[in-house]
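These notes are about the structure you will find just below.
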Amino acid sequence: MATSFTRLSMLALAVMAFAAQADDKTLNIYSARHYQTDEALYANFTKLTGIKVNRLDGKEDELLERIKTEGAKSPADILITVDAARLEIADQAGLFAPIQSKVLDKRIPANLRTPNWIAFSTRARLIAYNKSAVKAEWVQTYGDLAHPRLKGQVCVRSGSHPYNLSLGGAFIAHQSEQQAEAWARGLVQNFARSPKGGDTDQLKAVAAGECGVTITNSYYLARLMRSNKPEDRKVVEALGVAWPNQQTWGTHINVSGAGIIKTAPNKAAAMQFLEYLSSDQAQAYFADGNNEWPAVASVKIDNPALTALGQFKPDTIGVGELAKNAAKAQKLFDRAGWR
Ligand code: FE
C-alpha cells in the first residue's frame, strides 16, 4: 500500500510541475517506453527545436487513467508506448486526436499508420529453440508449436500479455478465430510449465534445456546477442532462431508508437515531435539503441545483432487491424487455458 501511495504522489507532483510549464516551447510526453537509450532520442529533439521535453514515465494503464482523470486540463501532449493492442486501447478510449501530416504520410508505410496513432519502430515475434533438443524444421510456423511432437517443450509468457494478444490478433486476421483457438489449445497442451516471467526468462529457460522452444520479441534476443556477459553468450550459443510463417503470412510484427492527446496544450510541438520521430536520426536511435527496426525502411542501421538476424518476410497486415482483434484473442486464449 505504502509503495503505491508514494508512487501516485510522485506522479501527481510531476504532473503539477508539467502544467505550470505549458507553452509553445514545451512538450509533455507521457511515456510507457522504459528504455534508457530513449534519453538520447528526446535530448536530440530539444537540441534541434529548442522545445523542452518533460517526460512522465509510468505503466501504460496508469498513464491512461491519469489522462482520463485529468480530463480537459491534462498537460499531456503525447502518449508514447509499445504494442499495437495498447495503442488501440488508448484510441478506443477516445484519447487521441486525428493526425494529419504529409511528412508522416510520406515517411511511414501505410500499414504502420492508423488515423489517430503512428508506429515508429517494429519488432518481430520470432521462434527461438534449443538446438540440441528441437529441429529447425519442426518450428517453421507459429502453428508448428501446437504439434504433439513438441509436447512438454513449449515455454511462453502469459497469454494475457499484449505481445501474445497482438500475435493472436494477427492469427485471427489471417486464419480464423476457430483456428486461433485450436492453436492456443495445442500450445497449452505442449507447455513445459505454466507461463511465468518475460521473454528473456523464456530464452534462458530454453537455453538451459528446461524447455525446447519459445516465442520472443526480437529485441530481447538482440540484447542478449550484443551482451558481453559470458552467461548471455552461453544462452545465445545454445539457441537457434526461426522466422515463423515465411511461406504464408509472414512473421508477426509489433510496434512502438505514439499519438497526440486530444486535449494537448502544445499541439504544434506534439506534431513536430511525431515528425521528428520519423526522421533518419530518430529512426536510427530506435534501431541502434533498442534493437528495433526503423519504420522508415530506407534508414541505414548500424546494429550488429540486427544485421546478424538478417532479412525476413514480415507480416504486412495493418497495425490497426491486428490491434482490433486483440480483445477476441484474449477471450479465446482464456477459453484455451493460456493464462
Ligand atoms: Fe518488451
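If you're wondering about the labels, chains in the C-alpha cells are A, B, ... by order shown, residues count from 1 in each chain, ligands from 1 in order shown.
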
Just want the residues within 12 Å of ligand 1, written as a VMD selection string, counting only C-alpha atoms and all ligand atoms.
chain A and resid 32 to 35 81 to 83 122 to 125 157 161 to 164 197 to 201 216 to 221 223 254 to 256 290 to 292

Kindly provide the residues of range 200-308 of chain A that approach range 91-103 of chain A to within 6 Å, each paired with its closest atom pair and their distance in Å to one decimal, based on only C-alpha atoms, listed by chain and increasing number, as a tab-separated table.
residue	atom	partner	partner_atom	distance
A:Gly259	CA	A:Phe96	CA	5.9
A:Ile260	CA	A:Phe96	CA	5.5
A:Ile261	CA	A:Phe96	CA	4.6
A:Lys262	CA	A:Ala97	CA	4.4

Any chance you could export the current selection's N, CA, C and O atoms as a compact mmCIF listing (two decimals), in the first residue's frame?
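Saved as selection.txt:
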# COMPACT_ATOMS: atom_id res chain seq x y z
N GLY A 259 0.64 8.75 -30.19
CA GLY A 259 -0.47 9.57 -30.68
C GLY A 259 -0.47 10.90 -29.94
O GLY A 259 0.13 11.02 -28.86
N ILE A 260 -1.16 11.87 -30.54
CA ILE A 260 -1.30 13.19 -29.91
C ILE A 260 -2.59 13.19 -29.09
O ILE A 260 -3.64 12.76 -29.59
N ILE A 261 -2.50 13.65 -27.86
CA ILE A 261 -3.67 13.66 -26.98
C ILE A 261 -4.64 14.76 -27.44
O ILE A 261 -4.23 15.87 -27.80
N LYS A 262 -5.92 14.39 -27.44
CA LYS A 262 -6.97 15.28 -27.93
C LYS A 262 -6.92 16.66 -27.27
O LYS A 262 -7.17 17.68 -27.90

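For the set A:Lys328, A:Arg55, A:Arg185, A:Arg335, the residue with the smallest atom-to-atom gap to Ala146 in chain A is A:Arg185, counting only C-alpha atoms.
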
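Residues lying within 7 Å of Ala238 in chain A, counting only C-alpha atoms and ignoring same-chain neighbours fewer than 5 positions away, are Asn130, Lys131 and Ala207 of chain A.
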
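The spacing separating CA of Ala327 in chain A from CA of Arg86 in chain A amounts to 10.8 Å.
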
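Nearest to Ser160 in chain A of all the residues A:Leu277, A:Ala85, A:Ala43, A:Val213 is A:Ala85, counting only C-alpha atoms.
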
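Straight-line separation from CA of Arg66 in chain A to CA of Leu322 in chain A: 26.0 Å.
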
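Each of A:Leu64, A:Ala336, A:Ala184, A:Ile108 was compared to Asp144 in chain A using only C-alpha atoms, and A:Ala184 turns out to be the nearest.
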
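Distances here use only C-alpha atoms; by that measure, the residue among A:Leu167, A:Ala76, A:Leu27, A:Cys211 closest to Asn54 in chain A is A:Leu27.
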
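In this model, the gap between CA of Ala269 in chain A and CA of Ile51 in chain A comes to 7.5 Å.
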
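Nearest-residue note for His252 in chain A: choosing from A:Ala284, A:Ala305, A:Ala173, A:Val139, the minimum distance belongs to A:Ala173, counting only C-alpha atoms.
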
DSSP on the backbone: what in range 89-320 of chain A comes out strand (DSSP E or B), as a VMD selection string?
chain A and resid 96 113 118 to 130 154 to 155 191 213 to 217 239 to 242 251 253 to 261 293 to 294 314

Kindly export the residues of the current selection with C-alpha atoms, as a PDB file, in the first residue's frame.
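For reference, again_11.pdb as written:
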ATOM      1  CA  PHE A  96      -6.135  10.640 -29.416  1.00  0.00           C
ATOM      2  CA  ARG A 113      -0.251   4.065 -39.558  1.00  0.00           C
ATOM      3  CA  ILE A 118       1.514   6.053 -35.759  1.00  0.00           C
ATOM      4  CA  ALA A 119       4.118   3.309 -35.387  1.00  0.00           C
ATOM      5  CA  PHE A 120       7.753   4.399 -35.380  1.00  0.00           C
ATOM      6  CA  SER A 121       9.597   1.122 -34.975  1.00  0.00           C
ATOM      7  CA  THR A 122       8.925  -2.565 -35.386  1.00  0.00           C
ATOM      8  CA  ARG A 123       9.865  -5.731 -33.554  1.00  0.00           C
ATOM      9  CA  ALA A 124       9.298  -9.277 -34.731  1.00  0.00           C
ATOM     10  CA  ARG A 125       7.788 -12.068 -32.636  1.00  0.00           C
ATOM     11  CA  LEU A 126      10.051 -14.916 -33.564  1.00  0.00           C
ATOM     12  CA  ILE A 127      10.691 -18.503 -32.504  1.00  0.00           C
ATOM     13  CA  ALA A 128      13.824 -19.460 -30.561  1.00  0.00           C
ATOM     14  CA  TYR A 129      14.638 -23.098 -29.883  1.00  0.00           C
ATOM     15  CA  ASN A 130      17.246 -25.220 -28.175  1.00  0.00           C
ATOM     16  CA  VAL A 154       6.984 -25.035 -25.020  1.00  0.00           C
ATOM     17  CA  CYS A 155       7.778 -22.168 -22.645  1.00  0.00           C
ATOM     18  CA  PHE A 191       3.603 -26.369 -22.196  1.00  0.00           C
ATOM     19  CA  VAL A 213      11.185 -23.715 -27.736  1.00  0.00           C
ATOM     20  CA  THR A 214       9.651 -20.293 -27.125  1.00  0.00           C
ATOM     21  CA  ILE A 215       8.204 -17.228 -28.809  1.00  0.00           C
ATOM     22  CA  THR A 216      10.082 -13.983 -28.179  1.00  0.00           C
ATOM     23  CA  ASN A 217      10.269 -10.404 -29.319  1.00  0.00           C
ATOM     24  CA  LEU A 239      19.704 -21.075 -29.341  1.00  0.00           C
ATOM     25  CA  GLY A 240      18.518 -21.461 -32.899  1.00  0.00           C
ATOM     26  CA  VAL A 241      16.265 -18.812 -34.421  1.00  0.00           C
ATOM     27  CA  ALA A 242      13.342 -19.446 -36.789  1.00  0.00           C
ATOM     28  CA  THR A 251       6.456 -13.213 -39.207  1.00  0.00           C
ATOM     29  CA  ILE A 253       5.364  -7.688 -36.288  1.00  0.00           C
ATOM     30  CA  ASN A 254       4.544  -5.497 -33.343  1.00  0.00           C
ATOM     31  CA  VAL A 255       5.376  -1.817 -32.925  1.00  0.00           C
ATOM     32  CA  SER A 256       6.263   1.138 -30.759  1.00  0.00           C
ATOM     33  CA  GLY A 257       4.035   4.079 -31.487  1.00  0.00           C
ATOM     34  CA  ALA A 258       2.576   7.352 -30.379  1.00  0.00           C
ATOM     35  CA  GLY A 259      -0.466   9.567 -30.676  1.00  0.00           C
ATOM     36  CA  ILE A 260      -1.295  13.191 -29.909  1.00  0.00           C
ATOM     37  CA  ILE A 261      -3.672  13.661 -26.982  1.00  0.00           C
ATOM     38  CA  TRP A 293      13.723  -1.979 -36.856  1.00  0.00           C
ATOM     39  CA  PRO A 294      13.021   1.543 -38.088  1.00  0.00           C
ATOM     40  CA  PRO A 314       7.309  -9.599 -42.154  1.00  0.00           C
TER      41      PRO A 314
END

For the helix (DSSP H, G or I) assignment from backbone DSSP, which residues of range 195-272 of chain A qualify? Please present them as a ChimeraX atom specification.
/A:199-207,218-225,230-238,267-272

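Comparing the minimum interatomic distances between Pro304 in chain A and each of A:Gln189, A:Ser227, A:Thr263, A:Ala72, counting only C-alpha atoms, we find that A:Ser227 sits nearest.
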
Shell of 8 Å around Glu88 in chain A, only C-alpha atoms, local chain residues under 5 positions omitted, as a list in words
Gly320, Ala323 and Lys324 of chain A

Which residues, written as a PyMOL selection string, have at least one atom at most 12 Å from Gln179 in chain A, with only C-alpha atoms counted and residues fewer than 2 positions away on the same chain left out?
chain A and resi 142-143+146+168-177+181-186+329+332-333+336

Those selected residues, please, written with N, CA and C atoms and delivered as a CSV table (one decimal), in the first residue's frame.
chain,number,residue,atom,x,y,z
A,142,TYR,N,4.1,-20.5,-36.4
A,142,TYR,CA,3.5,-20.5,-35.1
A,142,TYR,C,2.7,-21.7,-34.9
A,143,GLY,N,2.0,-22.2,-35.9
A,143,GLY,CA,1.1,-23.4,-35.9
A,143,GLY,C,1.9,-24.6,-35.4
A,146,ALA,N,2.1,-26.0,-31.8
A,146,ALA,CA,1.0,-26.8,-31.3
A,146,ALA,C,1.1,-28.2,-31.7
A,168,GLY,N,-2.0,-13.1,-31.4
A,168,GLY,CA,-3.3,-13.8,-31.5
A,168,GLY,C,-4.2,-13.0,-32.5
A,169,GLY,N,-4.1,-11.7,-32.4
A,169,GLY,CA,-4.9,-10.8,-33.3
A,169,GLY,C,-4.5,-11.0,-34.8
A,170,ALA,N,-3.2,-11.2,-35.0
A,170,ALA,CA,-2.7,-11.4,-36.4
A,170,ALA,C,-3.2,-12.8,-36.9
A,171,PHE,N,-3.1,-13.8,-36.0
A,171,PHE,CA,-3.5,-15.2,-36.3
A,171,PHE,C,-5.0,-15.2,-36.7
A,172,ILE,N,-5.8,-14.5,-35.9
A,172,ILE,CA,-7.3,-14.4,-36.2
A,172,ILE,C,-7.5,-13.7,-37.6
A,173,ALA,N,-6.8,-12.6,-37.8
A,173,ALA,CA,-7.0,-11.9,-39.1
A,173,ALA,C,-6.6,-12.7,-40.3
A,174,HIS,N,-5.5,-13.5,-40.2
A,174,HIS,CA,-5.1,-14.3,-41.4
A,174,HIS,C,-5.7,-15.6,-41.5
A,175,GLN,N,-6.1,-16.2,-40.4
A,175,GLN,CA,-6.7,-17.6,-40.4
A,175,GLN,C,-8.2,-17.4,-39.9
A,176,SER,N,-8.4,-17.8,-38.7
A,176,SER,CA,-9.8,-17.6,-38.2
A,176,SER,C,-9.7,-17.7,-36.7
A,177,GLU,N,-10.8,-17.3,-36.0
A,177,GLU,CA,-10.9,-17.4,-34.6
A,177,GLU,C,-10.8,-18.8,-34.2
A,181,GLU,N,-8.0,-20.5,-31.8
A,181,GLU,CA,-8.3,-21.2,-30.6
A,181,GLU,C,-7.7,-22.6,-30.5
A,182,ALA,N,-7.9,-23.3,-31.7
A,182,ALA,CA,-7.3,-24.6,-31.7
A,182,ALA,C,-5.8,-24.6,-31.5
A,183,TRP,N,-5.2,-23.6,-32.1
A,183,TRP,CA,-3.7,-23.4,-32.0
A,183,TRP,C,-3.4,-23.2,-30.5
A,184,ALA,N,-4.1,-22.3,-29.8
A,184,ALA,CA,-3.8,-22.0,-28.4
A,184,ALA,C,-4.0,-23.2,-27.6
A,185,ARG,N,-5.0,-24.0,-27.9
A,185,ARG,CA,-5.2,-25.3,-27.1
A,185,ARG,C,-4.0,-26.2,-27.3
A,186,GLY,N,-3.6,-26.3,-28.5
A,186,GLY,CA,-2.4,-27.2,-28.8
A,186,GLY,C,-1.2,-26.7,-28.1
A,329,ALA,N,-8.7,-12.2,-29.2
A,329,ALA,CA,-7.6,-13.2,-28.8
A,329,ALA,C,-7.6,-13.5,-27.3
A,332,LEU,N,-10.4,-16.0,-26.5
A,332,LEU,CA,-10.1,-17.4,-26.9
A,332,LEU,C,-8.9,-18.0,-26.2
A,333,PHE,N,-7.9,-17.2,-25.9
A,333,PHE,CA,-6.8,-17.7,-25.1
A,333,PHE,C,-7.3,-18.1,-23.7
A,336,ALA,N,-8.9,-21.4,-23.9
A,336,ALA,CA,-7.9,-22.4,-24.2
A,336,ALA,C,-7.1,-22.7,-23.0

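For Asp280 in chain A, the list of residues within 10 Å, based on only C-alpha atoms and with local chain neighbours fewer than 6 positions off taken out, reads Arg107, Pro294, Val296, Ala297, Ser298, Val299, Lys300 and Ile301 of chain A.
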